Amino acid sequence: MTDTHGAARPGHLSIGHAAIDGIRVVTLRGEIDHDVKDMLGEALLSCDGATPPRTVVDLSGVTFMDSSGINVFVAAHKSMNDAQGWLRIAGAQESMLRLLEIVGLDDVIPCHSTVQQALAA
């Protein structure tokens, strides 16, 4: 896994990238809020502006997310769908999973218990 954005302060967001069988896995650690929404958006889209066709986002290390993060995930999902790809969420902690359920994002973006399950779905 390549860590492209180290956590600058406790609770901030760290982003790692890996590829497994041609599927991009983005691993997040820390907090997702307004301060990191642009960094998160960039991480979910490739550097040249093209959308990776298949991406799993590992939220197992995320402890907080506000509406900024929700909006980034909705936009990334739309972009990937438009490019004939998909976005899946994996490993969300109970509090994050509850948030995804409350806002209905789990009905739009498939959520899986583990990265392995998301990759195999």
# chains A, B, ... in the order shown; residues from 1 in each chain; ligands from 1
>>> select_by_dssp(residues="chain A", states="strand (DSSP E)", output="PyMOL selection string")
chain A and resi 2-5+14-20+23-32+54-65+86-90+111-112
>>> closest_atom_pairs(of="range 36-91 of chain A", to="range 14-24 of chain A", cutoff="10 Å", atoms="only C-alpha atoms", output="Markdown table")
| residue | atom | partner | partner_atom | distance |
| --- | --- | --- | --- | --- |
| A:Val36 | CA | A:Ser14 | CA | 9.7 |
| A:Met39 | CA | A:Ile15 | CA | 8.9 |
| A:Leu40 | CA | A:Ile15 | CA | 7.9 |
| A:Ala43 | CA | A:Ile15 | CA | 7.4 |
| A:Leu44 | CA | A:Arg24 | CA | 9.3 |
| A:Pro52 | CA | A:Arg24 | CA | 7.4 |
| A:Pro53 | CA | A:Ile23 | CA | 8.1 |
| A:Arg54 | CA | A:Ile23 | CA | 5.4 |
| A:Thr55 | CA | A:Arg24 | CA | 4.7 |
| A:Val56 | CA | A:Arg24 | CA | 6.3 |
| A:Val57 | CA | A:Arg24 | CA | 8.4 |
| A:Asp58 | CA | A:Gly16 | CA | 9.5 |
| A:Gly61 | CA | A:Ser14 | CA | 9.2 |
| A:Val62 | CA | A:Ser14 | CA | 9.4 |
| A:Leu87 | CA | A:Arg24 | CA | 9.7 |
>>> write_last_selection(atoms="N, CA and C atoms", output="PDB file, in the first residue's frame")
ATOM      1  N   VAL A  36     -10.722  18.201   4.870  1.00  0.00           N
ATOM      2  CA  VAL A  36     -10.049  17.191   4.043  1.00  0.00           C
ATOM      3  C   VAL A  36     -10.883  16.734   2.848  1.00  0.00           C
ATOM      4  N   MET A  39      -9.001  16.750  -0.487  1.00  0.00           N
ATOM      5  CA  MET A  39      -7.992  15.696  -0.503  1.00  0.00           C
ATOM      6  C   MET A  39      -8.660  14.335  -0.727  1.00  0.00           C
ATOM      7  N   LEU A  40      -9.794  14.104  -0.081  1.00  0.00           N
ATOM      8  CA  LEU A  40     -10.522  12.853  -0.255  1.00  0.00           C
ATOM      9  C   LEU A  40     -11.035  12.729  -1.687  1.00  0.00           C
ATOM     10  N   ALA A  43      -8.292  11.761  -3.919  1.00  0.00           N
ATOM     11  CA  ALA A  43      -7.872  10.375  -3.694  1.00  0.00           C
ATOM     12  C   ALA A  43      -8.802   9.379  -4.376  1.00  0.00           C
ATOM     13  N   LEU A  44     -10.069   9.734  -4.474  1.00  0.00           N
ATOM     14  CA  LEU A  44     -11.028   8.818  -5.099  1.00  0.00           C
ATOM     15  C   LEU A  44     -11.009   8.901  -6.625  1.00  0.00           C
ATOM     16  N   PRO A  52     -11.319   6.064 -11.720  1.00  0.00           N
ATOM     17  CA  PRO A  52     -10.999   4.637 -11.728  1.00  0.00           C
ATOM     18  C   PRO A  52     -12.303   3.851 -11.836  1.00  0.00           C
ATOM     19  N   PRO A  53     -12.355   2.861 -12.709  1.00  0.00           N
ATOM     20  CA  PRO A  53     -13.624   2.187 -12.931  1.00  0.00           C
ATOM     21  C   PRO A  53     -14.132   1.395 -11.730  1.00  0.00           C
ATOM     22  N   ARG A  54     -13.244   0.844 -10.919  1.00  0.00           N
ATOM     23  CA  ARG A  54     -13.682   0.039  -9.775  1.00  0.00           C
ATOM     24  C   ARG A  54     -12.843   0.408  -8.549  1.00  0.00           C
ATOM     25  N   THR A  55     -13.522   0.841  -7.486  1.00  0.00           N
ATOM     26  CA  THR A  55     -12.818   1.283  -6.286  1.00  0.00           C
ATOM     27  C   THR A  55     -13.527   0.783  -5.039  1.00  0.00           C
ATOM     28  N   VAL A  56     -12.750   0.251  -4.100  1.00  0.00           N
ATOM     29  CA  VAL A  56     -13.221  -0.104  -2.767  1.00  0.00           C
ATOM     30  C   VAL A  56     -12.587   0.881  -1.798  1.00  0.00           C
ATOM     31  N   VAL A  57     -13.411   1.491  -0.941  1.00  0.00           N
ATOM     32  CA  VAL A  57     -12.907   2.409   0.066  1.00  0.00           C
ATOM     33  C   VAL A  57     -12.987   1.709   1.422  1.00  0.00           C
ATOM     34  N   ASP A  58     -11.834   1.528   2.045  1.00  0.00           N
ATOM     35  CA  ASP A  58     -11.747   0.896   3.358  1.00  0.00           C
ATOM     36  C   ASP A  58     -11.896   1.975   4.431  1.00  0.00           C
ATOM     37  N   GLY A  61     -10.590   2.515   9.460  1.00  0.00           N
ATOM     38  CA  GLY A  61      -9.831   3.415  10.318  1.00  0.00           C
ATOM     39  C   GLY A  61     -10.439   4.804  10.462  1.00  0.00           C
ATOM     40  N   VAL A  62     -11.661   4.984   9.969  1.00  0.00           N
ATOM     41  CA  VAL A  62     -12.308   6.299  10.043  1.00  0.00           C
ATOM     42  C   VAL A  62     -13.131   6.385  11.320  1.00  0.00           C
ATOM     43  N   LEU A  87     -18.286   1.995  -7.041  1.00  0.00           N
ATOM     44  CA  LEU A  87     -17.649   2.344  -5.772  1.00  0.00           C
ATOM     45  C   LEU A  87     -18.281   1.473  -4.706  1.00  0.00           C
TER      46      LEU A  87
END
>>> select_by_dssp(residues="range 13-115 of chain A", states="helix (DSSP H, G or I)", output="VMD selection string")
chain A and resid 34 to 44 67 to 82 94 to 102 105 to 107 115
>>> residues_around(residues="Ile89 in chain A", least_positions_apart="4", cutoff="9 Å", atoms="only C-alpha atoms", output="ChimeraX atom specification")
/A:55-59,106,109-115,118
>>> residues_around(residues="Gly30 in chain A", least_positions_apart="4", cutoff="6 Å", atoms="only C-alpha atoms", output="VMD selection string")
chain A and resid 11 to 13 62 to 63
>>> write_last_selection(atoms="C-alpha atoms", output="PDB file, in the first residue's frame")
ATOM      1  CA  GLY A  11      -7.450  12.757  14.058  1.00  0.00           C
ATOM      2  CA  HIS A  12      -6.617  14.154  10.613  1.00  0.00           C
ATOM      3  CA  LEU A  13      -6.981  11.987   7.505  1.00  0.00           C
ATOM      4  CA  VAL A  62     -12.308   6.299  10.043  1.00  0.00           C
ATOM      5  CA  THR A  63     -13.554   7.603  13.392  1.00  0.00           C
TER       6      THR A  63
END
>>> closest_residue(among="A:Gln117, A:Ser68, A:Ser60, A:Gln84", to="Leu97 in chain A", atoms="only C-alpha atoms")
A:Ser60
